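A.B. asks: So that you have it, the file is my_file.csv, and it contains CSV, N, CA and C atoms:
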chain,number,residue,atom,x,y,z
U,1,MET,N,-49.3,-7.8,5.7
U,1,MET,CA,-48.2,-6.9,5.1
U,1,MET,C,-47.0,-6.9,6.0
U,2,THR,N,-45.9,-6.7,5.4
U,2,THR,CA,-44.6,-6.6,6.2
U,2,THR,C,-44.5,-5.2,6.7
U,3,ASP,N,-43.6,-5.0,7.7
U,3,ASP,CA,-43.4,-3.7,8.3
U,3,ASP,C,-42.7,-2.8,7.3
U,4,GLN,N,-41.5,-3.2,6.9
U,4,GLN,CA,-40.7,-2.5,6.0
U,4,GLN,C,-40.1,-3.4,4.9
U,5,PRO,N,-40.5,-3.1,3.6
U,5,PRO,CA,-40.0,-4.0,2.5
U,5,PRO,C,-38.5,-3.7,2.3
U,6,ASN,N,-37.8,-4.7,1.8
U,6,ASN,CA,-36.4,-4.5,1.4
U,6,ASN,C,-36.5,-3.9,0.0
U,7,ALA,N,-36.0,-2.7,-0.2
U,7,ALA,CA,-36.1,-2.0,-1.5
U,7,ALA,C,-35.4,-2.8,-2.6
U,8,ASP,N,-34.4,-3.5,-2.3
U,8,ASP,CA,-33.7,-4.3,-3.3
U,8,ASP,C,-34.5,-5.5,-3.8
U,9,ASP,N,-35.6,-5.8,-3.1
U,9,ASP,CA,-36.5,-6.9,-3.5
U,9,ASP,C,-37.7,-6.5,-4.2
U,10,LEU,N,-37.8,-5.2,-4.4
U,10,LEU,CA,-39.0,-4.6,-5.1
U,10,LEU,C,-38.8,-4.2,-6.5
U,11,THR,N,-39.8,-4.4,-7.3
U,11,THR,CA,-39.8,-4.1,-8.7
U,11,THR,C,-41.0,-3.2,-9.1
U,12,GLU,N,-40.8,-2.2,-9.9
U,12,GLU,CA,-41.8,-1.3,-10.4
U,12,GLU,C,-42.7,-2.0,-11.4
U,13,VAL,N,-44.0,-2.0,-11.2
U,13,VAL,CA,-44.9,-2.6,-12.2
U,13,VAL,C,-45.8,-1.6,-12.9
U,14,LEU,N,-45.9,-0.4,-12.3
U,14,LEU,CA,-46.7,0.7,-12.9
U,14,LEU,C,-46.2,2.0,-12.4
U,15,ALA,N,-46.1,3.0,-13.3
U,15,ALA,CA,-45.8,4.4,-12.9
U,15,ALA,C,-46.7,5.3,-13.6
U,16,SER,N,-47.2,6.3,-12.9
U,16,SER,CA,-48.2,7.2,-13.6
U,16,SER,C,-48.2,8.6,-12.9
U,17,ILE,N,-48.5,9.6,-13.6
U,17,ILE,CA,-48.6,10.9,-13.0
U,17,ILE,C,-50.0,11.1,-12.4
U,18,ASP,N,-50.9,10.1,-12.6
U,18,ASP,CA,-52.2,10.0,-12.1
U,18,ASP,C,-52.2,9.1,-10.8
U,19,PRO,N,-52.2,9.7,-9.7
U,19,PRO,CA,-52.1,8.9,-8.4
U,19,PRO,C,-53.4,8.1,-8.2
U,20,MET,N,-54.5,8.5,-8.8
U,20,MET,CA,-55.7,7.6,-8.6
U,20,MET,C,-55.5,6.3,-9.4
U,21,GLN,N,-54.9,6.3,-10.6
U,21,GLN,CA,-54.7,5.1,-11.3
U,21,GLN,C,-53.8,4.2,-10.5
U,22,VAL,N,-52.7,4.7,-9.9
U,22,VAL,CA,-51.8,3.9,-9.1
U,22,VAL,C,-52.5,3.3,-7.9
U,23,ARG,N,-53.4,4.1,-7.3
U,23,ARG,CA,-54.1,3.6,-6.1
U,23,ARG,C,-55.1,2.5,-6.5
U,24,MET,N,-55.8,2.7,-7.6
U,24,MET,CA,-56.7,1.7,-8.1
U,24,MET,C,-56.0,0.3,-8.4
U,25,ALA,N,-54.8,0.4,-9.0
U,25,ALA,CA,-54.0,-0.8,-9.3
U,25,ALA,C,-53.6,-1.4,-8.0
U,26,HIS,N,-53.2,-0.6,-7.1
U,26,HIS,CA,-52.7,-1.1,-5.8
U,26,HIS,C,-53.9,-1.9,-5.1
U,27,ASP,N,-55.0,-1.3,-5.1
U,27,ASP,CA,-56.2,-2.0,-4.4
U,27,ASP,C,-56.5,-3.3,-5.2
U,28,LEU,N,-56.5,-3.3,-6.5
U,28,LEU,CA,-56.8,-4.5,-7.2
U,28,LEU,C,-55.8,-5.6,-7.0
U,29,LEU,N,-54.5,-5.3,-7.0
U,29,LEU,CA,-53.5,-6.3,-6.8
U,29,LEU,C,-53.5,-6.8,-5.4
U,30,ASP,N,-53.7,-5.9,-4.4
U,30,ASP,CA,-53.8,-6.3,-3.0
U,30,ASP,C,-55.0,-7.2,-2.8
U,31,GLY,N,-56.1,-6.9,-3.5
U,31,GLY,CA,-57.3,-7.7,-3.3
U,31,GLY,C,-57.1,-9.1,-3.9
U,32,SER,N,-56.1,-9.3,-4.8
U,32,SER,CA,-55.9,-10.6,-5.4
U,32,SER,C,-54.7,-11.3,-4.7
U,33,GLY,N,-54.2,-10.7,-3.6
U,33,GLY,CA,-53.2,-11.4,-2.9
U,33,GLY,C,-51.7,-11.0,-3.2
U,34,ILE,N,-51.5,-10.0,-4.0
U,34,ILE,CA,-50.2,-9.5,-4.3
U,34,ILE,C,-49.9,-8.3,-3.5
U,35,GLU,N,-48.9,-8.4,-2.6
U,35,GLU,CA,-48.5,-7.3,-1.8
U,35,GLU,C,-47.9,-6.1,-2.6
U,36,THR,N,-48.4,-4.9,-2.4
U,36,THR,CA,-48.0,-3.8,-3.2
U,36,THR,C,-47.6,-2.6,-2.3
U,37,PHE,N,-46.8,-1.8,-2.9
U,37,PHE,CA,-46.3,-0.6,-2.2
U,37,PHE,C,-46.3,0.6,-3.1
U,38,ILE,N,-46.8,1.8,-2.7
U,38,ILE,CA,-46.8,2.9,-3.5
U,38,ILE,C,-45.6,3.8,-3.1
U,39,PHE,N,-44.8,4.2,-4.1
U,39,PHE,CA,-43.6,5.1,-3.9
U,39,PHE,C,-43.9,6.4,-4.5
U,40,ASP,N,-43.4,7.5,-4.0
U,40,ASP,CA,-43.4,8.8,-4.5
U,40,ASP,C,-44.8,9.4,-4.7
U,41,ASP,N,-45.7,8.9,-4.0
U,41,ASP,CA,-47.1,9.4,-4.1
U,41,ASP,C,-47.2,10.9,-3.6
U,42,ASP,N,-46.6,11.2,-2.5
U,42,ASP,CA,-46.7,12.6,-2.0
U,42,ASP,C,-46.0,13.5,-2.9
U,43,SER,N,-44.8,13.2,-3.4
U,43,SER,CA,-44.1,14.0,-4.3
U,43,SER,C,-44.8,14.3,-5.6
U,44,SER,N,-45.5,13.2,-6.1
U,44,SER,CA,-46.2,13.3,-7.3
U,44,SER,C,-47.4,14.3,-7.2
U,45,ARG,N,-48.1,14.2,-6.1
U,45,ARG,CA,-49.3,15.0,-5.8
U,45,ARG,C,-48.8,16.5,-5.6
U,46,MET,N,-47.7,16.7,-5.0
U,46,MET,CA,-47.2,18.1,-4.8
U,46,MET,C,-46.9,18.8,-6.1
U,47,LEU,N,-46.3,18.0,-7.0
U,47,LEU,CA,-45.9,18.6,-8.3
U,47,LEU,C,-47.1,18.6,-9.3
U,48,GLY,N,-48.2,18.0,-9.0
U,48,GLY,CA,-49.3,17.9,-9.9
U,48,GLY,C,-49.0,17.1,-11.2
U,49,SER,N,-49.5,17.6,-12.3
U,49,SER,CA,-49.4,16.8,-13.5
U,49,SER,C,-48.2,17.1,-14.4
U,50,THR,N,-47.1,17.6,-13.7
U,50,THR,CA,-45.9,17.9,-14.5
U,50,THR,C,-45.2,16.7,-15.0
U,51,GLY,N,-45.5,15.6,-14.4
U,51,GLY,CA,-44.8,14.3,-14.9
U,51,GLY,C,-43.4,14.2,-14.3
U,52,ALA,N,-42.9,15.2,-13.5
U,52,ALA,CA,-41.6,15.1,-13.0
U,52,ALA,C,-41.3,13.9,-12.1
U,53,VAL,N,-42.3,13.6,-11.3
U,53,VAL,CA,-42.2,12.5,-10.3
U,53,VAL,C,-43.5,11.7,-10.3
U,54,PRO,N,-43.5,10.7,-11.1
U,54,PRO,CA,-44.7,9.9,-11.1
U,54,PRO,C,-44.9,9.0,-9.9
U,55,SER,N,-46.1,8.7,-9.5
U,55,SER,CA,-46.3,7.7,-8.4
U,55,SER,C,-45.9,6.3,-9.0
U,56,ARG,N,-45.3,5.5,-8.2
U,56,ARG,CA,-44.8,4.2,-8.7
U,56,ARG,C,-45.4,3.1,-7.8
U,57,LEU,N,-45.9,2.1,-8.5
U,57,LEU,CA,-46.5,0.9,-7.8
U,57,LEU,C,-45.4,-0.2,-7.8
U,58,MET,N,-45.0,-0.7,-6.7
U,58,MET,CA,-43.9,-1.6,-6.5
U,58,MET,C,-44.5,-2.9,-5.9
U,59,VAL,N,-43.9,-4.0,-6.4
U,59,VAL,CA,-44.2,-5.4,-5.8
U,59,VAL,C,-42.9,-6.1,-5.5
U,60,HIS,N,-43.0,-7.2,-4.8
U,60,HIS,CA,-41.9,-8.0,-4.6
U,60,HIS,C,-41.5,-8.6,-6.0
U,61,ALA,N,-40.2,-8.7,-6.2
U,61,ALA,CA,-39.7,-9.1,-7.5
U,61,ALA,C,-40.3,-10.5,-7.9
U,62,ALA,N,-40.5,-11.4,-7.0
U,62,ALA,CA,-41.0,-12.7,-7.3
U,62,ALA,C,-42.5,-12.6,-7.8
U,63,ASP,N,-43.2,-11.5,-7.5
U,63,ASP,CA,-44.6,-11.3,-8.0
U,63,ASP,C,-44.7,-10.4,-9.2
U,64,ALA,N,-43.6,-9.9,-9.7
U,64,ALA,CA,-43.7,-8.9,-10.7
U,64,ALA,C,-44.4,-9.4,-12.0
U,65,ASP,N,-44.0,-10.5,-12.5
U,65,ASP,CA,-44.6,-11.0,-13.7
U,65,ASP,C,-46.2,-11.2,-13.6
U,66,GLU,N,-46.6,-11.8,-12.5
U,66,GLU,CA,-48.0,-12.0,-12.2
U,66,GLU,C,-48.7,-10.7,-12.1
U,67,ALA,N,-48.1,-9.7,-11.4
U,67,ALA,CA,-48.7,-8.4,-11.2
U,67,ALA,C,-48.9,-7.7,-12.5
U,68,ARG,N,-47.8,-7.7,-13.4
U,68,ARG,CA,-47.9,-7.1,-14.7
U,68,ARG,C,-49.0,-7.7,-15.6
U,69,SER,N,-49.1,-9.0,-15.5
U,69,SER,CA,-50.1,-9.7,-16.3
U,69,SER,C,-51.5,-9.3,-15.8
U,70,ARG,N,-51.7,-9.3,-14.5
U,70,ARG,CA,-53.0,-8.9,-14.0
U,70,ARG,C,-53.4,-7.4,-14.4
U,71,LEU,N,-52.4,-6.6,-14.3
U,71,LEU,CA,-52.6,-5.2,-14.6
U,71,LEU,C,-53.0,-5.0,-16.1
U,72,LYS,N,-52.3,-5.8,-16.9
U,72,LYS,CA,-52.6,-5.8,-18.4
U,72,LYS,C,-54.0,-6.3,-18.7
U,73,GLU,N,-54.4,-7.4,-18.0
U,73,GLU,CA,-55.7,-7.9,-18.2
U,73,GLU,C,-56.8,-6.9,-17.8
U,74,LEU,N,-56.5,-6.1,-16.8
U,74,LEU,CA,-57.4,-5.1,-16.3
U,74,LEU,C,-57.4,-3.8,-17.0
U,75,GLY,N,-56.5,-3.7,-18.0
U,75,GLY,CA,-56.5,-2.5,-18.9
U,75,GLY,C,-55.5,-1.4,-18.4
U,76,PHE,N,-54.7,-1.7,-17.4
U,76,PHE,CA,-53.8,-0.6,-16.9
U,76,PHE,C,-52.6,-0.6,-17.9
U,77,VAL,N,-52.2,0.7,-18.2
U,77,VAL,CA,-51.1,0.9,-19.1
U,77,VAL,C,-50.1,1.8,-18.4
U,78,ASP,N,-48.9,1.5,-18.4
U,78,ASP,CA,-47.8,2.3,-17.8
U,78,ASP,C,-47.7,3.6,-18.6
U,79,LYS,N,-48.0,4.7,-18.1
U,79,LYS,CA,-47.9,6.0,-18.8
U,79,LYS,C,-46.8,6.9,-18.4
U,80,ALA,N,-45.8,6.4,-17.6
U,80,ALA,CA,-44.7,7.2,-17.1
U,80,ALA,C,-43.7,7.4,-18.2
As a first step, turn the structure in this file into structure tokens.

C.D. replies:
Amino acid sequence: MTDQPNADDLTEVLASIDPMQVRMAHDLLDGSGIETFIFDDDSSRMLGSTGAVPSRLMVHAADADEARSRLKELGFVDKA
């Protein structure tokens, strides 16, 4: 993993008010070799299920299509 990702190079592939769903997707993509980053996880948990700030799963833009394809195959649906 890199130290600090360039935010301009990252693309959101999943957003959810359920942080467990985002973490599971993160683990599955990381396990298949796609580097992932979770954004807004703390804010999402502090606000609970209000949906005001969903947790977001980000990947490098070059990996976005493959990541979305894998998430779809695994049954993940973006609910944000």

A.B. asks: As an exercise, work out the distance from atom CA of Ser32 of chain U to atom CA of Ile17 of chain U in Å and give it to one decimal place.

C.D. replies: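 Atom CA of Ile17 of chain U lies at a distance of 23.9 Å from atom CA of Ser32 of chain U.
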
A.B. asks: What gap, in Å, lies between atom C of Phe76 of chain U and atom C of Gly33 of chain U?

C.D. replies: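 One can read the atom C of Phe76 of chain U to atom C of Gly33 of chain U distance as 18.0 Å.
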
A.B. asks: Restricting the calculation to all atoms listed in the file, which member of U:Gln21, U:Thr36, U:Ser16, U:Ser69 is positioned closest to Pro54 of chain U?

C.D. replies: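 When distances to Pro54 of chain U are compared using all atoms listed in the file, the smallest one comes from U:Ser16.
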
A.B. asks: Interatomic distance between atom C of Leu10 of chain U and atom C of Lys72 of chain U?

C.D. replies: 19.6 Å

A.B. asks: Residues proximal to (-51.7, 0.9, -15.6) were defined as those with any atom within 7 Å of that point in the file's coordinates, counting only C-alpha atoms. Which are they, as a count of residues only?

C.D. replies: 8

A.B. asks: So which one's closest to Phe37 of chain U, U:Pro19, U:Met58, U:Met24, U:Val53? Using only C-alpha atoms, please.

C.D. replies: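 Using only C-alpha atoms, the shortest distance to Phe37 of chain U belongs to U:Met58.
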
A.B. asks: I need the residue nearest Asp27 of chain U from this list: U:Glu66, U:Leu57, U:Thr11, U:Asn6. Use only C-alpha atoms for the distance.

C.D. replies: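 For Asp27 of chain U, the nearest of the given residues is U:Leu57.
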
A.B. asks: Excluding Glu12 of chain U and its own-chain neighbours fewer than 6 positions away, which residues fall within 9 Å of it when counting only C-alpha atoms? Please give them as an NGL selection string.

C.D. replies: :U and (56-61 or 64)

A.B. asks: Would you export the selected residues with N, CA and C atoms as a PDB file, in the frame of the given file, please?

C.D. replies:
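Listed below is the output, out.pdb:
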ATOM      1  N   ARG U  56     -45.300   5.500  -8.200  1.00  0.00           N
ATOM      2  CA  ARG U  56     -44.800   4.200  -8.700  1.00  0.00           C
ATOM      3  C   ARG U  56     -45.400   3.100  -7.800  1.00  0.00           C
ATOM      4  N   LEU U  57     -45.900   2.100  -8.500  1.00  0.00           N
ATOM      5  CA  LEU U  57     -46.500   0.900  -7.800  1.00  0.00           C
ATOM      6  C   LEU U  57     -45.400  -0.200  -7.800  1.00  0.00           C
ATOM      7  N   MET U  58     -45.000  -0.700  -6.700  1.00  0.00           N
ATOM      8  CA  MET U  58     -43.900  -1.600  -6.500  1.00  0.00           C
ATOM      9  C   MET U  58     -44.500  -2.900  -5.900  1.00  0.00           C
ATOM     10  N   VAL U  59     -43.900  -4.000  -6.400  1.00  0.00           N
ATOM     11  CA  VAL U  59     -44.200  -5.400  -5.800  1.00  0.00           C
ATOM     12  C   VAL U  59     -42.900  -6.100  -5.500  1.00  0.00           C
ATOM     13  N   HIS U  60     -43.000  -7.200  -4.800  1.00  0.00           N
ATOM     14  CA  HIS U  60     -41.900  -8.000  -4.600  1.00  0.00           C
ATOM     15  C   HIS U  60     -41.500  -8.600  -6.000  1.00  0.00           C
ATOM     16  N   ALA U  61     -40.200  -8.700  -6.200  1.00  0.00           N
ATOM     17  CA  ALA U  61     -39.700  -9.100  -7.500  1.00  0.00           C
ATOM     18  C   ALA U  61     -40.300 -10.500  -7.900  1.00  0.00           C
ATOM     19  N   ALA U  64     -43.600  -9.900  -9.700  1.00  0.00           N
ATOM     20  CA  ALA U  64     -43.700  -8.900 -10.700  1.00  0.00           C
ATOM     21  C   ALA U  64     -44.400  -9.400 -12.000  1.00  0.00           C
TER      22      ALA U  64
END

A.B. asks: In terms of the shortest atom-to-atom distance over only N, CA and C atoms, which of U:Ser55, U:Asp18, U:Asp65, U:Asp9 is closest to Asp40 of chain U?

C.D. replies: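 The shortest atom-to-atom distance to Asp40 of chain U comes from U:Ser55.
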